[in-house]
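One file, protein-v4.pdb, is given below (PDB, C-alpha atoms, pLDDT in the B column).
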```pdb
ATOM      1  CA  MET A  20      35.948  32.601 -18.040  1.00 78.00           C
ATOM      2  CA  ILE A  21      39.453  31.304 -18.682  1.00 77.00           C
ATOM      3  CA  THR A  22      41.123  28.274 -17.172  1.00 75.00           C
ATOM      4  CA  LYS A  23      44.680  28.351 -15.925  1.00 72.00           C
ATOM      5  CA  GLU A  24      45.599  25.733 -18.556  1.00 69.00           C
ATOM      6  CA  ALA A  25      44.162  27.882 -21.371  1.00 69.00           C
ATOM      7  CA  ARG A  26      45.995  30.948 -20.077  1.00 69.00           C
ATOM      8  CA  SER A  27      49.284  29.049 -19.967  1.00 69.00           C
ATOM      9  CA  ILE A  28      48.800  27.675 -23.506  1.00 70.00           C
ATOM     10  CA  GLY A  29      47.678  31.073 -24.788  1.00 63.00           C
ATOM     11  CA  ASN A  30      50.750  32.791 -23.410  1.00 63.00           C
ATOM     12  CA  ALA A  31      52.977  30.214 -25.104  1.00 66.00           C
ATOM     13  CA  ILE A  32      51.167  30.487 -28.459  1.00 65.00           C
ATOM     14  CA  ASN A  33      51.081  34.280 -28.441  1.00 61.00           C
ATOM     15  CA  SER A  34      54.789  34.435 -27.644  1.00 63.00           C
ATOM     16  CA  LEU A  35      55.518  32.277 -30.709  1.00 63.00           C
ATOM     17  CA  ASP A  36      53.081  34.003 -33.086  1.00 66.00           C
ATOM     18  CA  PRO A  37      51.136  37.074 -31.815  1.00 66.00           C
ATOM     19  CA  SER A  38      48.881  36.989 -34.912  1.00 68.00           C
ATOM     20  CA  PHE A  39      46.932  34.075 -33.450  1.00 63.00           C
ATOM     21  CA  LYS A  40      45.590  36.350 -30.647  1.00 65.00           C
ATOM     22  CA  PHE A  41      44.658  33.267 -28.643  1.00 65.00           C
ATOM     23  CA  THR A  42      42.801  34.253 -25.438  1.00 69.00           C
ATOM     24  CA  GLY A  43      41.449  30.941 -24.121  1.00 71.00           C
ATOM     25  CA  LEU A  44      38.241  32.661 -22.972  1.00 77.00           C
ATOM     26  CA  THR A  45      35.120  30.500 -22.643  1.00 77.00           C
ATOM     27  CA  ARG A  46      31.756  32.221 -23.038  1.00 81.00           C
ATOM     28  CA  ILE A  47      29.102  30.991 -20.568  1.00 80.00           C
ATOM     29  CA  THR A  48      25.456  31.469 -21.606  1.00 82.00           C
ATOM     30  CA  ALA A  49      22.518  31.127 -19.208  1.00 79.00           C
ATOM     31  CA  ASN A  50      20.048  28.411 -20.158  1.00 77.00           C
ATOM     32  CA  THR A  51      17.031  30.561 -19.211  1.00 76.00           C
ATOM     33  CA  ALA A  52      15.933  34.184 -19.381  1.00 76.00           C
ATOM     34  CA  GLY A  53      15.812  36.282 -16.220  1.00 76.00           C
ATOM     35  CA  PHE A  54      17.739  38.856 -14.283  1.00 77.00           C
ATOM     36  CA  VAL A  55      20.889  38.489 -12.213  1.00 79.00           C
ATOM     37  CA  GLY A  56      20.044  38.690  -8.540  1.00 75.00           C
ATOM     38  CA  GLU A  57      23.477  37.861  -7.152  1.00 81.00           C
ATOM     39  CA  VAL A  58      27.044  37.828  -8.452  1.00 84.00           C
ATOM     40  CA  SER A  59      29.416  35.785  -6.314  1.00 85.00           C
ATOM     41  CA  HIS A  60      32.713  36.841  -7.927  1.00 83.00           C
ATOM     42  CA  GLN A  61      34.277  39.815  -9.631  1.00 84.00           C
ATOM     43  CA  LYS A  62      36.602  40.043 -12.615  1.00 82.00           C
ATOM     44  CA  GLY A  63      39.998  38.526 -11.867  1.00 79.00           C
ATOM     45  CA  ASP A  64      38.801  36.221  -9.045  1.00 84.00           C
ATOM     46  CA  TYR A  65      40.034  32.648  -8.902  1.00 84.00           C
ATOM     47  CA  VAL A  66      37.108  30.204  -8.911  1.00 84.00           C
ATOM     48  CA  GLN A  67      37.187  26.583  -7.865  1.00 84.00           C
ATOM     49  CA  GLU A  68      35.655  23.965 -10.155  1.00 80.00           C
ATOM     50  CA  GLY A  69      31.894  23.617  -9.574  1.00 80.00           C
ATOM     51  CA  GLU A  70      31.654  26.870  -7.619  1.00 84.00           C
ATOM     52  CA  GLN A  71      28.608  29.099  -8.078  1.00 83.00           C
ATOM     53  CA  LEU A  72      29.254  32.214 -10.171  1.00 83.00           C
ATOM     54  CA  ALA A  73      25.893  33.994 -10.065  1.00 83.00           C
ATOM     55  CA  VAL A  74      22.179  33.577  -9.311  1.00 83.00           C
ATOM     56  CA  ILE A  75      19.655  34.238 -12.084  1.00 81.00           C
ATOM     57  CA  THR A  76      16.006  34.742 -11.149  1.00 77.00           C
ATOM     58  CA  ASN A  77      13.441  33.404 -13.596  1.00 74.00           C
ATOM     59  CA  LEU A  78      10.155  35.347 -13.587  1.00 72.00           C
ATOM     60  CA  ASN A  79       8.210  32.140 -14.266  1.00 72.00           C
ATOM     61  CA  SER A  80       9.405  30.742 -10.938  1.00 76.00           C
ATOM     62  CA  PHE A  81       8.323  33.801  -8.917  1.00 81.00           C
ATOM     63  CA  VAL A  82       5.937  32.940  -6.042  1.00 87.00           C
ATOM     64  CA  PHE A  83       4.730  34.345  -2.744  1.00 89.00           C
ATOM     65  CA  LEU A  84       5.133  32.310   0.448  1.00 89.00           C
ATOM     66  CA  MET A  85       2.166  32.701   2.786  1.00 89.00           C
ATOM     67  CA  ASP A  86       2.680  32.037   6.508  1.00 89.00           C
ATOM     68  CA  LEU A  87      -0.618  30.405   7.486  1.00 87.00           C
ATOM     69  CA  PRO A  88      -1.493  29.463  11.101  1.00 87.00           C
ATOM     70  CA  TYR A  89      -1.619  25.687  11.226  1.00 89.00           C
ATOM     71  CA  GLU A  90      -5.148  25.630  12.662  1.00 85.00           C
ATOM     72  CA  LEU A  91      -6.362  27.335   9.469  1.00 83.00           C
ATOM     73  CA  THR A  92      -4.735  24.928   7.012  1.00 82.00           C
ATOM     74  CA  GLY A  93      -8.080  23.213   6.433  1.00 80.00           C
ATOM     75  CA  ILE A  94      -9.585  26.279   4.721  1.00 79.00           C
ATOM     76  CA  ILE A  95      -7.056  26.368   1.888  1.00 78.00           C
ATOM     77  CA  LYS A  96      -8.684  23.325   0.253  1.00 74.00           C
ATOM     78  CA  ASN A  97     -11.595  25.487  -0.923  1.00 69.00           C
ATOM     79  CA  GLN A  98      -9.442  28.429  -2.030  1.00 72.00           C
ATOM     80  CA  LYS A  99      -9.191  28.605  -5.806  1.00 70.00           C
ATOM     81  CA  ALA A 100      -8.647  32.148  -7.012  1.00 76.00           C
ATOM     82  CA  LEU A 101      -6.868  34.510  -4.648  1.00 83.00           C
ATOM     83  CA  GLN A 102      -6.086  38.212  -4.709  1.00 85.00           C
ATOM     84  CA  VAL A 103      -2.628  39.295  -3.603  1.00 89.00           C
ATOM     85  CA  THR A 104      -2.487  42.944  -2.483  1.00 90.00           C
ATOM     86  CA  LEU A 105       0.898  44.671  -2.643  1.00 90.00           C
ATOM     87  CA  PRO A 106       1.908  47.482  -0.245  1.00 90.00           C
ATOM     88  CA  ASP A 107       1.269  50.100  -2.962  1.00 89.00           C
ATOM     89  CA  GLY A 108      -2.323  48.894  -3.371  1.00 87.00           C
ATOM     90  CA  GLN A 109      -1.726  46.956  -6.579  1.00 88.00           C
ATOM     91  CA  LYS A 110      -3.681  43.692  -6.775  1.00 88.00           C
ATOM     92  CA  LEU A 111      -2.416  40.535  -8.461  1.00 88.00           C
ATOM     93  CA  ALA A 112      -4.376  37.411  -9.333  1.00 86.00           C
ATOM     94  CA  GLY A 113      -3.003  34.445  -7.417  1.00 85.00           C
ATOM     95  CA  LYS A 114      -3.446  30.697  -7.335  1.00 85.00           C
ATOM     96  CA  MET A 115      -3.005  28.475  -4.303  1.00 83.00           C
ATOM     97  CA  GLY A 116      -0.112  26.047  -4.623  1.00 82.00           C
ATOM     98  CA  ARG A 117       1.202  23.276  -2.425  1.00 85.00           C
ATOM     99  CA  SER A 118       2.078  23.547   1.253  1.00 85.00           C
ATOM    100  CA  LEU A 119       5.656  23.098   2.409  1.00 86.00           C
ATOM    101  CA  PRO A 120       6.061  20.167   4.833  1.00 88.00           C
ATOM    102  CA  LEU A 121       7.491  22.367   7.583  1.00 87.00           C
ATOM    103  CA  VAL A 122       5.980  24.311  10.498  1.00 90.00           C
ATOM    104  CA  ASP A 123       7.719  27.194  12.261  1.00 88.00           C
ATOM    105  CA  SER A 124       8.142  26.075  15.880  1.00 88.00           C
ATOM    106  CA  ALA A 125       7.773  29.583  17.320  1.00 90.00           C
ATOM    107  CA  SER A 126       4.778  30.943  15.399  1.00 89.00           C
ATOM    108  CA  GLN A 127       3.211  27.560  14.517  1.00 92.00           C
ATOM    109  CA  THR A 128       2.673  28.674  10.934  1.00 91.00           C
ATOM    110  CA  GLN A 129       3.037  26.639   7.780  1.00 90.00           C
ATOM    111  CA  ARG A 130       4.241  28.116   4.503  1.00 89.00           C
ATOM    112  CA  VAL A 131       1.964  27.837   1.472  1.00 88.00           C
ATOM    113  CA  ILE A 132       3.023  28.670  -2.077  1.00 87.00           C
ATOM    114  CA  ILE A 133       0.911  31.257  -3.930  1.00 88.00           C
ATOM    115  CA  GLN A 134       1.609  31.515  -7.640  1.00 85.00           C
ATOM    116  CA  VAL A 135       1.040  34.837  -9.427  1.00 86.00           C
ATOM    117  CA  LYS A 136       1.204  35.723 -13.101  1.00 80.00           C
ATOM    118  CA  THR A 137       2.893  39.051 -13.734  1.00 78.00           C
ATOM    119  CA  GLN A 138       5.585  40.485 -15.984  1.00 76.00           C
ATOM    120  CA  GLN A 139       6.406  43.114 -13.376  1.00 78.00           C
ATOM    121  CA  LEU A 140       9.744  42.865 -11.590  1.00 77.00           C
ATOM    122  CA  ILE A 141       8.696  42.478  -7.947  1.00 81.00           C
ATOM    123  CA  PRO A 142      11.568  42.745  -5.436  1.00 80.00           C
ATOM    124  CA  GLU A 143      12.485  39.737  -3.337  1.00 79.00           C
ATOM    125  CA  GLY A 144      11.311  39.911   0.277  1.00 84.00           C
ATOM    126  CA  LEU A 145       8.243  42.081  -0.444  1.00 88.00           C
ATOM    127  CA  ILE A 146       5.414  41.512   2.057  1.00 90.00           C
ATOM    128  CA  ALA A 147       1.894  41.313   0.586  1.00 91.00           C
ATOM    129  CA  LYS A 148      -1.556  40.546   1.981  1.00 90.00           C
ATOM    130  CA  VAL A 149      -3.986  37.788   1.028  1.00 87.00           C
ATOM    131  CA  LYS A 150      -7.645  37.452   2.032  1.00 83.00           C
ATOM    132  CA  LEU A 151      -8.902  33.912   2.610  1.00 81.00           C
ATOM    133  CA  VAL A 152     -12.548  32.834   2.736  1.00 77.00           C
ATOM    134  CA  ARG A 153     -13.222  30.997   5.987  1.00 74.00           C
ATOM    135  CA  SER A 154     -16.981  30.660   5.451  1.00 73.00           C
ATOM    136  CA  GLU A 155     -19.577  31.955   3.044  1.00 71.00           C
ATOM    137  CA  SER A 156     -23.330  32.363   2.793  1.00 73.00           C
ATOM    138  CA  LEU A 157     -25.384  32.340  -0.398  1.00 74.00           C
ATOM    139  CA  ASN A 158     -28.026  35.069  -0.898  1.00 78.00           C
ATOM    140  CA  PRO A 159     -27.836  36.405   2.674  1.00 82.00           C
ATOM    141  CA  ILE A 160     -29.974  39.133   4.216  1.00 86.00           C
ATOM    142  CA  ALA A 161     -27.651  41.805   5.579  1.00 90.00           C
ATOM    143  CA  LEU A 162     -28.050  45.109   7.386  1.00 91.00           C
ATOM    144  CA  PRO A 163     -25.580  47.953   7.986  1.00 91.00           C
ATOM    145  CA  LYS A 164     -23.626  47.638  11.226  1.00 91.00           C
ATOM    146  CA  GLU A 165     -25.081  50.960  12.411  1.00 91.00           C
ATOM    147  CA  SER A 166     -28.514  49.356  12.727  1.00 92.00           C
ATOM    148  CA  ILE A 167     -27.312  46.555  15.052  1.00 92.00           C
ATOM    149  CA  LEU A 168     -27.604  47.143  18.807  1.00 91.00           C
ATOM    150  CA  THR A 169     -26.359  44.975  21.671  1.00 90.00           C
ATOM    151  CA  ASN A 170     -26.220  44.778  25.474  1.00 88.00           C
ATOM    152  CA  GLU A 171     -23.158  45.225  27.686  1.00 85.00           C
ATOM    153  CA  THR A 172     -22.193  41.545  27.567  1.00 87.00           C
ATOM    154  CA  GLN A 173     -22.789  41.376  23.798  1.00 86.00           C
ATOM    155  CA  ASP A 174     -24.804  38.172  24.064  1.00 87.00           C
ATOM    156  CA  GLU A 175     -28.034  39.699  22.768  1.00 91.00           C
ATOM    157  CA  PHE A 176     -28.522  41.661  19.556  1.00 94.00           C
ATOM    158  CA  TRP A 177     -31.480  43.564  18.158  1.00 92.00           C
ATOM    159  CA  VAL A 178     -32.578  46.192  15.642  1.00 93.00           C
ATOM    160  CA  MET A 179     -35.179  48.939  15.768  1.00 92.00           C
ATOM    161  CA  LYS A 180     -37.649  48.217  12.985  1.00 92.00           C
ATOM    162  CA  LEU A 181     -40.063  50.855  11.757  1.00 91.00           C
ATOM    163  CA  MET A 182     -43.699  49.804  11.874  1.00 90.00           C
ATOM    164  CA  ASN A 183     -44.692  53.137  10.345  1.00 90.00           C
ATOM    165  CA  ASP A 184     -43.346  56.693  10.183  1.00 85.00           C
ATOM    166  CA  THR A 185     -43.917  57.284  13.913  1.00 88.00           C
ATOM    167  CA  THR A 186     -43.345  53.933  15.643  1.00 90.00           C
ATOM    168  CA  ALA A 187     -40.270  51.681  15.955  1.00 90.00           C
ATOM    169  CA  VAL A 188     -40.200  48.324  17.732  1.00 92.00           C
ATOM    170  CA  LYS A 189     -37.320  46.254  19.081  1.00 92.00           C
ATOM    171  CA  VAL A 190     -36.683  43.018  17.149  1.00 93.00           C
ATOM    172  CA  ASN A 191     -34.168  40.479  18.459  1.00 93.00           C
ATOM    173  CA  ILE A 192     -31.915  39.028  15.781  1.00 92.00           C
ATOM    174  CA  GLN A 193     -29.404  36.237  15.294  1.00 92.00           C
ATOM    175  CA  LYS A 194     -26.224  37.407  13.595  1.00 90.00           C
ATOM    176  CA  GLY A 195     -24.286  35.547  10.926  1.00 87.00           C
ATOM    177  CA  LEU A 196     -21.220  36.526   8.976  1.00 85.00           C
ATOM    178  CA  GLU A 197     -19.777  40.045   9.242  1.00 84.00           C
ATOM    179  CA  THR A 198     -17.941  42.170   6.693  1.00 80.00           C
ATOM    180  CA  GLY A 199     -16.457  45.621   7.012  1.00 80.00           C
ATOM    181  CA  SER A 200     -19.814  47.427   7.011  1.00 88.00           C
ATOM    182  CA  TYR A 201     -22.575  44.790   6.926  1.00 90.00           C
ATOM    183  CA  VAL A 202     -23.880  42.028   9.199  1.00 91.00           C
ATOM    184  CA  GLU A 203     -25.768  38.945   8.015  1.00 90.00           C
ATOM    185  CA  ILE A 204     -29.154  38.434   9.687  1.00 90.00           C
ATOM    186  CA  LYS A 205     -29.934  34.731  10.072  1.00 90.00           C
ATOM    187  CA  SER A 206     -33.250  35.273  11.834  1.00 90.00           C
ATOM    188  CA  PRO A 207     -35.879  36.591  11.668  1.00 91.00           C
ATOM    189  CA  LEU A 208     -36.513  36.739   7.939  1.00 89.00           C
ATOM    190  CA  PHE A 209     -36.893  40.393   6.986  1.00 90.00           C
ATOM    191  CA  LYS A 210     -38.452  41.678   3.770  1.00 88.00           C
ATOM    192  CA  PRO A 211     -36.713  43.909   1.216  1.00 86.00           C
ATOM    193  CA  ASN A 212     -39.044  46.830   1.953  1.00 89.00           C
ATOM    194  CA  ASP A 213     -38.570  46.719   5.761  1.00 91.00           C
ATOM    195  CA  ARG A 214     -37.084  49.887   7.281  1.00 91.00           C
ATOM    196  CA  PHE A 215     -34.679  50.203  10.211  1.00 92.00           C
ATOM    197  CA  ILE A 216     -33.204  53.013  12.282  1.00 89.00           C
ATOM    198  CA  LEU A 217     -29.527  53.694  11.577  1.00 88.00           C
ATOM    199  CA  THR A 218     -28.887  56.773  13.741  1.00 85.00           C
ATOM    200  CA  GLY A 219     -30.373  57.788  17.065  1.00 82.00           C
ATOM    201  CA  ASN A 220     -31.403  54.216  17.827  1.00 84.00           C
ATOM    202  CA  TYR A 221     -29.269  53.729  20.981  1.00 83.00           C
ATOM    203  CA  GLY A 222     -31.279  53.548  24.202  1.00 81.00           C
ATOM    204  CA  LEU A 223     -34.705  53.430  22.567  1.00 84.00           C
ATOM    205  CA  PRO A 224     -37.345  51.345  24.409  1.00 85.00           C
ATOM    206  CA  ASP A 225     -39.085  48.310  22.929  1.00 85.00           C
ATOM    207  CA  THR A 226     -41.806  50.405  21.343  1.00 86.00           C
ATOM    208  CA  ALA A 227     -40.700  53.977  20.674  1.00 84.00           C
ATOM    209  CA  LYS A 228     -42.308  56.998  19.172  1.00 84.00           C
ATOM    210  CA  ILE A 229     -40.056  58.497  16.547  1.00 79.00           C
ATOM    211  CA  MET A 230     -39.960  61.396  14.156  1.00 77.00           C
ATOM    212  CA  ILE A 231     -38.252  61.045  10.812  1.00 75.00           C
ATOM    213  CA  ASN A 232     -36.253  64.071   9.795  1.00 73.00           C
ATOM    214  CA  HIS A 233     -36.635  64.399   6.044  1.00 65.00           C
ATOM    215  CA  LYS A 234     -33.699  66.344   4.616  1.00 61.00           C
TER     216      LYS A 234
END
```

As structure tokens, please, write out the structure in this file.
Amino acid sequence: MITKEARSIGNAINSLDPSFKFTGLTRITANTAGFVGEVSHQKGDYVQEGEQLAVITNLNSFVFLMDLPYELTGIIKNQKALQVTLPDGQKLAGKMGRSLPLVDSASQTQRVIIQVKTQQLIPEGLIAKVKLVRSESLNPIALPKESILTNETQDEFWVMKLMNDTTAVKVNIQKGLETGSYVEIKSPLFKPNDRFILTGNYGLPDTAKIMINHK
């Protein structure tokens, strides 16, 4: 950068003695490492004093902003380690930061800072996904979703439990937490060696005669 005063003085000095080769240029060095995300001016532009020249992004300041529904803000207190999933399937370890004191009036969501540690250059504006734990159960008993049956109003649930190789009985259950493929069984308390019907169980009566097809 060169000021108009330095250019004027340089022109005068160079006209008197060209050997000085006075340019008046001032070298500006960034005080932190990073990459230039925005350049506000081009070579030859006139810049006012105090005007921004460029924006440098520091990788250490890179964060994700999570839009969290305000009614779920209470669950972030128990979130310690998070996993941030990028659109290409890459997973980054994240850490929950502070919440911004602002709620979007339209969506009623509050922004929460998620800090990630990575040396990868991730583009600004990238949308990622985060899974939050709303509730958890220690040492649960779970069955595959295929074994769970229900009525039309979905207010009663049961499984078909094998008493032996030829008889299955209907056992009412109380469901707990659900994942993608498993359902927690809160009651009754099943044993590890209990067997259940996974296929062909729909429409079976309370006590049904069955035949196991051994492949």

Please write the residues picked by the PyMOL selection byres ((chain A and resi 158-168) around 8) on this file as a list in words.
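Checked against the file, the PyMOL selection byres ((chain A and resi 158-168) around 8) matches Ser156, Leu157, Thr169, Asn170, Phe176, Trp177, Val178, Met179, Ser200, Tyr201, Val202, Glu203, Ile204, Lys205, Leu208, Phe209, Phe215, Ile216, Leu217, Thr218, Asn220 and Tyr221 of chain A.
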
Just checking: using only C-alpha atoms, which residue out of A:Ile132, A:Met20, A:Ile141, A:Val190 ends up closest to Met85 (chain A)?
A:Ile132

Could you tell me how far CA of Leu87 (chain A) lies from CA of Lys136 (chain A), in Å and to one decimal?
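Separation of CA of Leu87 (chain A) and CA of Lys136 (chain A): 21.3 Å.
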
Running the PyMOL selection byres ((chain A and resi 90-99) around 10) on this model by hand, what would come out? Give it as a PyMOL selection string.
chain A and resi 87-89+100-101+113-118+127-131+151-154

Rows by chain and residue number, region 193-213 of chain A within 12 Å of region 180-183 of chain A, shortest pair, all atoms listed in the file, as CSV:
```
residue,atom,partner,partner_atom,distance
A:Pro207,CA,A:Lys180,CA,11.8
A:Phe209,CA,A:Lys180,CA,9.9
A:Lys210,CA,A:Lys180,CA,11.3
A:Asn212,CA,A:Leu181,CA,10.6
A:Asp213,CA,A:Lys180,CA,7.4
```

For Thr104 (chain A), which residue out of A:Ala147, A:Leu119, A:Val82, A:Gln139 is the nearest one, using only C-alpha atoms?
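The shortest atom-to-atom distance to Thr104 (chain A) comes from A:Ala147.
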
Evaluate the PyMOL selection byres ((chain A and resi 72-79) around 6) here and jot the selected residues down as a PyMOL selection string.
chain A and resi 53-59+71+80-81

May I ask for the distance between CA of Lys150 (chain A) and CA of Leu196 (chain A), given in Å to one decimal place?
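Taking CA of Lys150 (chain A) and CA of Leu196 (chain A), their separation equals 15.3 Å.
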
Straight-line distance linking CA of Thr22 (chain A) with CA of Ala49 (chain A), stated in Å to one decimal:
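Separation between CA of Thr22 (chain A) and CA of Ala49 (chain A): 18.9 Å.
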
Expected axis-aligned box over every listed atom of region 72-84 of chain A, 5 Å added per side, centre plus edges in Å to one decimal, as JSON:
```
{"center_x": 17.0, "center_y": 33.0, "center_z": -6.9, "size_x": 34.5, "size_y": 14.6, "size_z": 24.7}
```

May I ask which of the residues A:Leu111, A:Ala187, A:Val122, A:Leu105 is the closest one to Met230 (chain A), counting only C-alpha atoms?
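For Met230 (chain A), the nearest of the candidates is A:Ala187.
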
Calculated over all atoms listed in the file, which of the candidates A:Thr185, A:Asn232, A:Thr198, A:Gln134 has the smallest distance to Phe83 (chain A)?
A:Gln134
